[in-house]
Amino acid sequence: MAKISINIKEGKVAKEADLIIGIDLGTSNSLVAVIKDGKPISIKDKNGKNALVPSIIHFATEQDVLVGNDAKTKLISDPQNTIYSVKRLMGKSYHDIEDFEKYFGYKIIDEDSESLVKVRVKDKFYSPIELSAMILKALKHRIEQSMDQEVSKAVITVPAYFNDAQRQATRDAGKLAGLDVLRIVNEPTAASLAYGIGQEPGISQKIAVYDLGGGTFDISILQIQDGVFEVLSTNGDTFLGGDDIDRAIMDYWIKINNLDPNILKTDKNLSQELRLAAEEVKKQVANTNNSYKKMIKFINCQISPEQMNDLIKPLAEKTIECCKQAMKDAGLQTSDIDHVVMVGGSTRLPIIKEKVGQYFGQKVHDDLNPDEVVALGAAVQADILAGNQKDILLLDITPLSLGIETVGGLMDTIIPRNSKVPSKAGRQYTTSVDGQANLKVAVFQGERDLIQHNRKLGEFILKGIPPMPAGIPKIEIHFILNADGILKVKAKELRSNVETEIEIRSQYGLSEEEMAMMLLDSIEHAQADMNARALLESRNEANAIVHSSAKFLEQNASILSVEEVKMTIAHVEKLKQAIQGDDKDLINKVMDELNEYTSPLAHRALDYNIAESLKGKKLTGE
Ligand code: ADP
Ligand code: MG
């Protein structure tokens with residue numbers, strides 16, 4: 001039986017449910033997962049052993065490229081041609097990573113400081129996107145072999161703090177690897193999904209996702225309600241993780257062997273060998289809780305669980321400090337947290353679990369493999385997108401309102417904040433000047449009534465509106481916000497069908513704090529904004545009446561007395577005066593007086609025009 005699925009994004013009904021895969025593209029390790037018999041499973045290597053693919057690429061020659069475990073061994077034998085931690089370079093310019101360049105064992109170059117970084121391998125330059133695509137290709141190949149079927153659609157995860165450039169780079173890498181990336185999902189959101197948290201309708205839950213990987217630490221505080229995930233705060237350290245523990249263990253060995261620490265700098269091969277040994281030892285001691293002893297060349301490599309814990313404690317403390325800050329930013333107490341989810345290989349360390357459990361005052365979720373949980377969650381998300389999970393609609397929300405500038409600098413909201421995304425909305429506008437051929441559409445984000453206080457996202461001009469009197473063109477403005485926060489704005493004049501559209505990244509370059517500031521500002525200035533809006537609206541209305549009165553006089557001079565023309569002009573002049581001032585009530589009063597005076601005249605004109613038209617003449621005096 002063919003499965004039927006509804007694609008929420010496109011509103012299309014698909015007949016055959018596609019296989020959509022979930023990918024965790026990690027700094028240290030990547031992996032791919034898929035739903036099988038209703039359950040997420042990670043895809044293992046040919047021997048059915050390892051699900052993790054080290055995010056490492058080795059170039060023997062331009063054509064001869066290794067990815068994963070095979071490449072990892074080359075870190076020792078051929079470090080210049082072995083690329084790791086590519087994720088740190090995604091969407092970055094040379095300027096962004098200058099301070100960390102020494103961290104990388106390979107050559108990073110910039111063509112000019114503005115552009116994005118490239119990595120030099122022998123005589124060729126590779127962008128982080130191309131390198132990430134190689135890792136993604138290896139994952140795609142792995143699952144195709146394993147499932148014996150072609151795969152082209154994927155969900156890929158990224159850290160919650162990734163900005164738009166980094167998200168776009170990840171998307172591009174997917175495309176380059178031959179994958180249609182249906183959704184970019186935040187890693188903490190995926191981890192929660194893997195545990196099935198947040199899928200019960202009606203209740204609101206707060207979740208702390210603690211992710212200690214190889215080189216990075218992230219803490220994310222999420223709120224989930226009715227399938228809507230909202231990131232309340234994030235914190236962390238982009239240079240803190242399992243690698244630091246490995247380094248601490250190496251340093252410890254150097255110390256107990258009374259060696260000169262410089263030996264690690266001068267003997268790169270020994271250094272790499274010790275590093276890999278330290279990682280192995282760390283895992284063994286953590287898993288077995290037994291001491292370890294081994295000789296590497298002339299170095300006695302031994303450590304007890306107690307000694308290892310002493311090395312890890314300062315690192316654990318640092319992560320707890322980050323957690324405290326994240327909780328503070330989210331405005332929460334630890335008792336508000338409903339679930340603590342452990343992510344990242346380094347959370348296998350018992351002492352880390354213990355410290356995190358202590359801080360949050362509850363048992364942490366650690367039943368799933370912490371280094372697989374993000375990919376498993378990505379597979380769950382993929383399954384939801386494929387329409388296989390009936391009751392779940394997974395959505396994000398837009399944190400700030402989106403709208404356009406209207407006459408007088410007013411913000412006209414089209415998609416209000418907290419709307420679920422993907423989201424679509426539209427509204428009709430018209431021109432304010434006769435014969436107006438071009439219309440500027442300026443797009444803003446924020447909660448304030450005046451656009452000058454909001455953030456401009458972009459603008460474009462709808463050109464070629466055929467000449468029509470003011471108020472006649474029907475211009476439809478459509479906002480389409482997709483699941484990644486990318487906004488498409490379309491403007492179309494319905495009588496002539498001229499149209500233009502642009503694409504805008506609504507979140508680009510905006511930090512959580514800036515967003516919070518914009519919201520606070522809008523609350524603080526609510527009263528003043530309302531007054532300003534009321535004044536502007538009165539002015540706009542009054543201007544329109546000044547305009548229509550002039551037109552009325554011009555078209556109906558023949559049926560008005562000299563006195564009537566004079567009086568109308570006097571009222572209009574008085575209104576023009578009032579518009580110059582800041583008194584909204586005065587503008588409204590003068591406007592009412594003008595309306596009152598001209599209303600009988602307008603009636604007479606109407607009657608006259610009807611009578612004329614019944615005689616077979618034209619409606620207006622053109
Ligand atoms: P990333 O998200 O950065 O790609 P992972 O989540 O795969 O990284 O975590 C990799 C880190 O986890 C490495 O530092 C690795 O040494 C560490 N790790 C993996 N298994 C264990 C274990 N059993 N005990 C301690 N650390 C572990
Ligand atoms: Mg990770």
# chains A, B, ... in the order shown; residues from 1 in each chain; ligands from 1
call {"tool": "residues_near_ligand", "arguments": {"ligand": "ligand 1", "cutoff": "6 Å", "atoms": "only C-alpha atoms and all ligand atoms", "output": "PyMOL selection string"}}
result
chain A and resi 26-29+213-216+242-243+279+282-283+286-287+344-346+348-349+371
call {"tool": "residues_near_ligand", "arguments": {"ligand": "ligand 2", "cutoff": "12 Å", "atoms": "only C-alpha atoms and all ligand atoms", "output": "JSON, numbers by chain"}}
result
{"A": [23, 24, 25, 26, 27, 28, 29, 30, 31, 52, 53, 54, 55, 85, 87, 156, 157, 158, 159, 160, 186, 187, 188, 190, 191, 209, 210, 211, 212, 213, 214, 215, 216, 217, 218, 219, 238, 241, 242, 342, 343, 344, 345, 346, 347, 369, 370, 371, 372, 373, 374, 375, 376]}
call {"tool": "closest_residue", "arguments": {"among": "A:Asn388, A:Leu481, A:Asn235, A:Ala248", "to": "Leu315 in chain A", "atoms": "only C-alpha atoms"}}
result
A:Ala248
call {"tool": "closest_residue", "arguments": {"among": "A:Gly331, A:Gly196, A:Gly471, A:Pro128", "to": "Met90 in chain A", "atoms": "only C-alpha atoms"}}
result
A:Pro128
call {"tool": "closest_residue", "arguments": {"among": "A:Ile303, A:Val32, A:Leu193, A:Leu89", "to": "Ile384 in chain A", "atoms": "only C-alpha atoms"}}
result
A:Leu193
call {"tool": "select_by_dssp", "arguments": {"residues": "range 84-234 of chain A", "states": "strand (DSSP E)", "output": "VMD selection string"}}
result
chain A and resid 107 to 109 118 to 121 124 to 126 153 to 158 180 to 186 204 to 212 217 to 225 228 to 234
call {"tool": "write_last_selection", "arguments": {"atoms": "N, CA and C atoms", "output": "CSV table (one decimal), in the first residue's frame"}}
result
chain,number,residue,atom,x,y,z
A,107,LYS,N,46.4,24.5,6.9
A,107,LYS,CA,46.6,25.9,6.5
A,107,LYS,C,45.3,26.5,6.2
A,108,ILE,N,45.0,27.6,6.9
A,108,ILE,CA,43.8,28.4,6.6
A,108,ILE,C,44.2,29.7,5.9
A,109,ILE,N,43.5,30.0,4.8
A,109,ILE,CA,43.9,31.2,4.1
A,109,ILE,C,42.7,32.1,3.8
A,118,LYS,N,39.1,29.8,3.4
A,118,LYS,CA,39.3,28.6,2.7
A,118,LYS,C,40.5,27.8,3.3
A,119,VAL,N,40.5,26.5,3.0
A,119,VAL,CA,41.6,25.7,3.6
A,119,VAL,C,42.5,25.3,2.4
A,120,ARG,N,43.8,25.4,2.7
A,120,ARG,CA,44.7,25.0,1.6
A,120,ARG,C,45.2,23.6,1.9
A,121,VAL,N,45.0,22.8,0.8
A,121,VAL,CA,45.6,21.4,0.9
A,121,VAL,C,46.4,21.2,-0.4
A,124,LYS,N,45.6,23.1,-3.7
A,124,LYS,CA,44.2,23.5,-3.9
A,124,LYS,C,43.6,24.1,-2.7
A,125,PHE,N,42.5,24.9,-3.0
A,125,PHE,CA,41.8,25.6,-1.9
A,125,PHE,C,40.4,25.0,-1.8
A,126,TYR,N,40.0,24.7,-0.6
A,126,TYR,CA,38.7,24.2,-0.4
A,126,TYR,C,37.9,25.1,0.6
A,153,LYS,N,16.9,13.2,0.4
A,153,LYS,CA,16.3,14.2,1.3
A,153,LYS,C,16.9,14.1,2.7
A,154,ALA,N,17.2,15.2,3.3
A,154,ALA,CA,17.8,15.1,4.7
A,154,ALA,C,17.3,16.3,5.5
A,155,VAL,N,17.4,16.0,6.8
A,155,VAL,CA,17.3,17.1,7.9
A,155,VAL,C,18.7,17.1,8.5
A,156,ILE,N,19.3,18.3,8.6
A,156,ILE,CA,20.6,18.4,9.2
A,156,ILE,C,20.6,19.3,10.4
A,157,THR,N,21.3,18.9,11.5
A,157,THR,CA,21.3,19.7,12.7
A,157,THR,C,22.4,20.7,12.8
A,158,VAL,N,22.2,21.8,13.5
A,158,VAL,CA,23.2,22.8,13.8
A,158,VAL,C,23.1,23.3,15.2
A,180,ASP,N,18.8,17.2,-0.7
A,180,ASP,CA,17.8,18.3,-0.6
A,180,ASP,C,17.6,18.4,0.9
A,181,VAL,N,18.1,19.6,1.4
A,181,VAL,CA,18.0,19.8,2.9
A,181,VAL,C,16.6,20.4,3.2
A,182,LEU,N,15.7,19.5,3.7
A,182,LEU,CA,14.3,20.0,4.0
A,182,LEU,C,14.3,20.9,5.2
A,183,ARG,N,15.1,20.7,6.1
A,183,ARG,CA,15.1,21.5,7.3
A,183,ARG,C,16.4,21.5,8.0
A,184,ILE,N,16.7,22.7,8.6
A,184,ILE,CA,17.9,22.8,9.5
A,184,ILE,C,17.3,22.8,10.9
A,185,VAL,N,17.7,21.9,11.7
A,185,VAL,CA,17.1,21.8,13.1
A,185,VAL,C,18.2,22.1,14.1
A,186,ASN,N,17.8,22.8,15.2
A,186,ASN,CA,18.7,23.0,16.3
A,186,ASN,C,19.0,21.7,17.0
A,204,SER,N,3.2,22.9,28.8
A,204,SER,CA,4.4,23.6,28.5
A,204,SER,C,5.5,23.0,29.4
A,205,GLN,N,6.6,22.8,28.7
A,205,GLN,CA,7.8,22.2,29.5
A,205,GLN,C,9.0,23.0,29.2
A,206,LYS,N,9.9,23.0,30.3
A,206,LYS,CA,11.2,23.7,30.1
A,206,LYS,C,12.3,22.6,30.2
A,207,ILE,N,13.2,22.7,29.3
A,207,ILE,CA,14.2,21.7,29.1
A,207,ILE,C,15.6,22.3,29.1
A,208,ALA,N,16.5,21.7,29.8
A,208,ALA,CA,17.9,22.1,29.7
A,208,ALA,C,18.6,21.0,28.9
A,209,VAL,N,19.3,21.4,27.8
A,209,VAL,CA,20.1,20.5,27.0
A,209,VAL,C,21.6,20.8,27.2
A,210,TYR,N,22.3,19.8,27.8
A,210,TYR,CA,23.7,20.0,28.2
A,210,TYR,C,24.5,19.2,27.2
A,211,ASP,N,25.3,19.9,26.3
A,211,ASP,CA,26.0,19.2,25.2
A,211,ASP,C,27.5,19.4,25.4
A,212,LEU,N,28.2,18.4,25.8
A,212,LEU,CA,29.6,18.4,26.0
A,212,LEU,C,30.2,17.5,24.9
A,217,PHE,N,31.3,23.2,24.1
A,217,PHE,CA,30.3,23.0,25.1
A,217,PHE,C,29.1,23.9,24.9
A,218,ASP,N,27.9,23.4,24.9
A,218,ASP,CA,26.7,24.2,24.7
A,218,ASP,C,25.7,23.8,25.7
A,219,ILE,N,25.1,24.9,26.3
A,219,ILE,CA,23.9,24.6,27.2
A,219,ILE,C,22.8,25.4,26.5
A,220,SER,N,21.7,24.8,26.3
A,220,SER,CA,20.5,25.5,25.7
A,220,SER,C,19.3,25.3,26.6
A,221,ILE,N,18.6,26.3,26.9
A,221,ILE,CA,17.4,26.2,27.7
A,221,ILE,C,16.2,26.4,26.7
A,222,LEU,N,15.3,25.4,26.6
A,222,LEU,CA,14.2,25.4,25.7
A,222,LEU,C,12.9,25.4,26.4
A,223,GLN,N,11.9,26.0,25.7
A,223,GLN,CA,10.6,25.9,26.2
A,223,GLN,C,9.8,25.2,25.1
A,224,ILE,N,9.0,24.2,25.4
A,224,ILE,CA,8.2,23.5,24.4
A,224,ILE,C,6.7,23.6,24.8
A,225,GLN,N,5.9,24.0,23.9
A,225,GLN,CA,4.5,24.0,24.1
A,225,GLN,C,3.8,23.6,22.8
A,228,VAL,N,5.7,23.4,19.8
A,228,VAL,CA,6.5,24.6,19.4
A,228,VAL,C,7.7,24.7,20.3
A,229,PHE,N,8.9,24.6,19.7
A,229,PHE,CA,10.2,24.7,20.4
A,229,PHE,C,10.6,26.2,20.4
A,230,GLU,N,10.9,26.7,21.5
A,230,GLU,CA,11.5,28.1,21.6
A,230,GLU,C,12.8,28.0,22.4
A,231,VAL,N,13.8,28.6,21.8
A,231,VAL,CA,15.1,28.7,22.5
A,231,VAL,C,15.0,29.9,23.4
A,232,LEU,N,15.1,29.6,24.8
A,232,LEU,CA,15.0,30.8,25.7
A,232,LEU,C,16.4,31.4,25.9
A,233,SER,N,17.4,30.6,26.0
A,233,SER,CA,18.7,31.1,26.1
A,233,SER,C,19.7,30.0,25.7
A,234,THR,N,20.9,30.5,25.3
A,234,THR,CA,22.0,29.6,25.0
A,234,THR,C,23.3,30.1,25.7
call {"tool": "select_by_dssp", "arguments": {"residues": "range 121-369 of chain A", "states": "alpha helix (DSSP H)", "output": "PyMOL selection string"}}
result
chain A and resi 128-147+164-176+187-194+242-256+263-266+268-288+305-330+350-360
call {"tool": "atom_distance", "arguments": {"atom1": "CA of Gly91 in chain A", "atom2": "CA of Lys456 in chain A"}}
result
22.4 Å
call {"tool": "atom_distance", "arguments": {"atom1": "CA of Val441 in chain A", "atom2": "CA of Gly458 in chain A"}}
result
8.6 Å
call {"tool": "closest_residue", "arguments": {"among": "A:Asp592, A:Glu130, A:Asp336, A:Glu405", "to": "Ile83 in chain A", "atoms": "only C-alpha atoms"}}
result
A:Glu130
call {"tool": "residues_around", "arguments": {"residues": "Asn289 in chain A", "least_positions_apart": "3", "cutoff": "10 Å", "atoms": "only C-alpha atoms", "output": "compact mmCIF listing (two decimals) with N, CA and C atoms, in the first residue's frame"}}
result
# COMPACT_ATOMS: atom_id res chain seq x y z
N LYS A 283 38.31 7.03 27.81
CA LYS A 283 37.08 6.27 27.61
C LYS A 283 37.09 4.99 28.45
N GLN A 284 38.24 4.33 28.43
CA GLN A 284 38.32 3.07 29.19
C GLN A 284 38.12 3.28 30.67
N VAL A 285 38.82 4.28 31.21
CA VAL A 285 38.71 4.53 32.65
C VAL A 285 37.28 4.93 32.99
N ALA A 286 36.67 5.75 32.11
CA ALA A 286 35.30 6.18 32.37
C ALA A 286 34.33 4.99 32.34
N TYR A 292 44.51 2.51 34.69
CA TYR A 292 45.03 2.13 33.38
C TYR A 292 46.53 2.32 33.38
N SER A 304 44.59 6.75 37.37
CA SER A 304 43.52 6.10 38.14
C SER A 304 42.24 6.91 37.95
N PRO A 305 41.08 6.31 38.21
CA PRO A 305 39.83 7.05 38.05
C PRO A 305 39.82 8.32 38.91
N GLU A 306 40.38 8.25 40.12
CA GLU A 306 40.38 9.42 41.01
C GLU A 306 41.22 10.55 40.40
N PRO A 350 31.13 9.75 34.16
CA PRO A 350 30.23 9.73 35.32
C PRO A 350 30.29 11.03 36.13
call {"tool": "residues_around", "arguments": {"residues": "Ala542 in chain A", "least_positions_apart": "2", "cutoff": "8 Å", "atoms": "only C-alpha atoms", "output": "ChimeraX atom specification"}}
result
/A:538-540,544-546,575,579,587-588,591
call {"tool": "write_last_selection", "arguments": {"atoms": "N, CA, C and O atoms", "output": "PDB file, in the first residue's frame"}}
result
ATOM      1  N   SER A 538      -3.924  60.185  11.967  1.00  0.00           N
ATOM      2  CA  SER A 538      -4.763  61.353  11.707  1.00  0.00           C
ATOM      3  C   SER A 538      -4.182  62.173  10.569  1.00  0.00           C
ATOM      4  O   SER A 538      -4.895  62.624   9.672  1.00  0.00           O
ATOM      5  N   ARG A 539      -2.867  62.384  10.636  1.00  0.00           N
ATOM      6  CA  ARG A 539      -2.210  63.159   9.576  1.00  0.00           C
ATOM      7  C   ARG A 539      -2.430  62.512   8.212  1.00  0.00           C
ATOM      8  O   ARG A 539      -2.739  63.195   7.237  1.00  0.00           O
ATOM      9  N   ASN A 540      -2.255  61.178   8.150  1.00  0.00           N
ATOM     10  CA  ASN A 540      -2.415  60.491   6.869  1.00  0.00           C
ATOM     11  C   ASN A 540      -3.829  60.664   6.329  1.00  0.00           C
ATOM     12  O   ASN A 540      -4.030  60.941   5.147  1.00  0.00           O
ATOM     13  N   ALA A 544      -5.058  62.774   2.957  1.00  0.00           N
ATOM     14  CA  ALA A 544      -5.887  62.178   1.914  1.00  0.00           C
ATOM     15  C   ALA A 544      -7.098  63.076   1.637  1.00  0.00           C
ATOM     16  O   ALA A 544      -7.508  63.259   0.488  1.00  0.00           O
ATOM     17  N   ILE A 545      -7.672  63.672   2.700  1.00  0.00           N
ATOM     18  CA  ILE A 545      -8.847  64.523   2.526  1.00  0.00           C
ATOM     19  C   ILE A 545      -8.480  65.827   1.817  1.00  0.00           C
ATOM     20  O   ILE A 545      -9.215  66.300   0.940  1.00  0.00           O
ATOM     21  N   VAL A 546      -7.309  66.392   2.150  1.00  0.00           N
ATOM     22  CA  VAL A 546      -6.835  67.589   1.457  1.00  0.00           C
ATOM     23  C   VAL A 546      -6.763  67.296  -0.038  1.00  0.00           C
ATOM     24  O   VAL A 546      -7.233  68.064  -0.882  1.00  0.00           O
ATOM     25  N   LEU A 575      -7.028  72.951   7.641  1.00  0.00           N
ATOM     26  CA  LEU A 575      -6.609  71.564   7.884  1.00  0.00           C
ATOM     27  C   LEU A 575      -5.114  71.395   7.590  1.00  0.00           C
ATOM     28  O   LEU A 575      -4.378  70.755   8.336  1.00  0.00           O
ATOM     29  N   ILE A 579      -2.285  70.015  10.129  1.00  0.00           N
ATOM     30  CA  ILE A 579      -1.405  68.872   9.821  1.00  0.00           C
ATOM     31  C   ILE A 579       0.041  69.183  10.200  1.00  0.00           C
ATOM     32  O   ILE A 579       0.791  68.306  10.631  1.00  0.00           O
ATOM     33  N   ILE A 587      -6.371  68.181  14.557  1.00  0.00           N
ATOM     34  CA  ILE A 587      -6.469  67.674  13.173  1.00  0.00           C
ATOM     35  C   ILE A 587      -7.837  67.007  12.973  1.00  0.00           C
ATOM     36  O   ILE A 587      -8.547  67.283  12.004  1.00  0.00           O
ATOM     37  N   ASN A 588      -8.213  66.150  13.925  1.00  0.00           N
ATOM     38  CA  ASN A 588      -9.487  65.446  13.809  1.00  0.00           C
ATOM     39  C   ASN A 588     -10.662  66.416  13.778  1.00  0.00           C
ATOM     40  O   ASN A 588     -11.612  66.235  13.024  1.00  0.00           O
ATOM     41  N   MET A 591     -10.772  68.284  10.511  1.00  0.00           N
ATOM     42  CA  MET A 591     -11.164  67.324   9.487  1.00  0.00           C
ATOM     43  C   MET A 591     -12.690  67.132   9.516  1.00  0.00           C
ATOM     44  O   MET A 591     -13.353  67.133   8.475  1.00  0.00           O
TER      45      MET A 591
END
call {"tool": "atom_distance", "arguments": {"atom1": "CA of Leu553 in chain A", "atom2": "CA of Lys574 in chain A"}}
result
16.2 Å
call {"tool": "residues_around", "arguments": {"residues": "Arg275 in chain A", "least_positions_apart": "6", "cutoff": "8 Å", "atoms": "only C-alpha atoms", "output": "list in words"}}
result
Asp246, Arg247 and Met250 of chain A
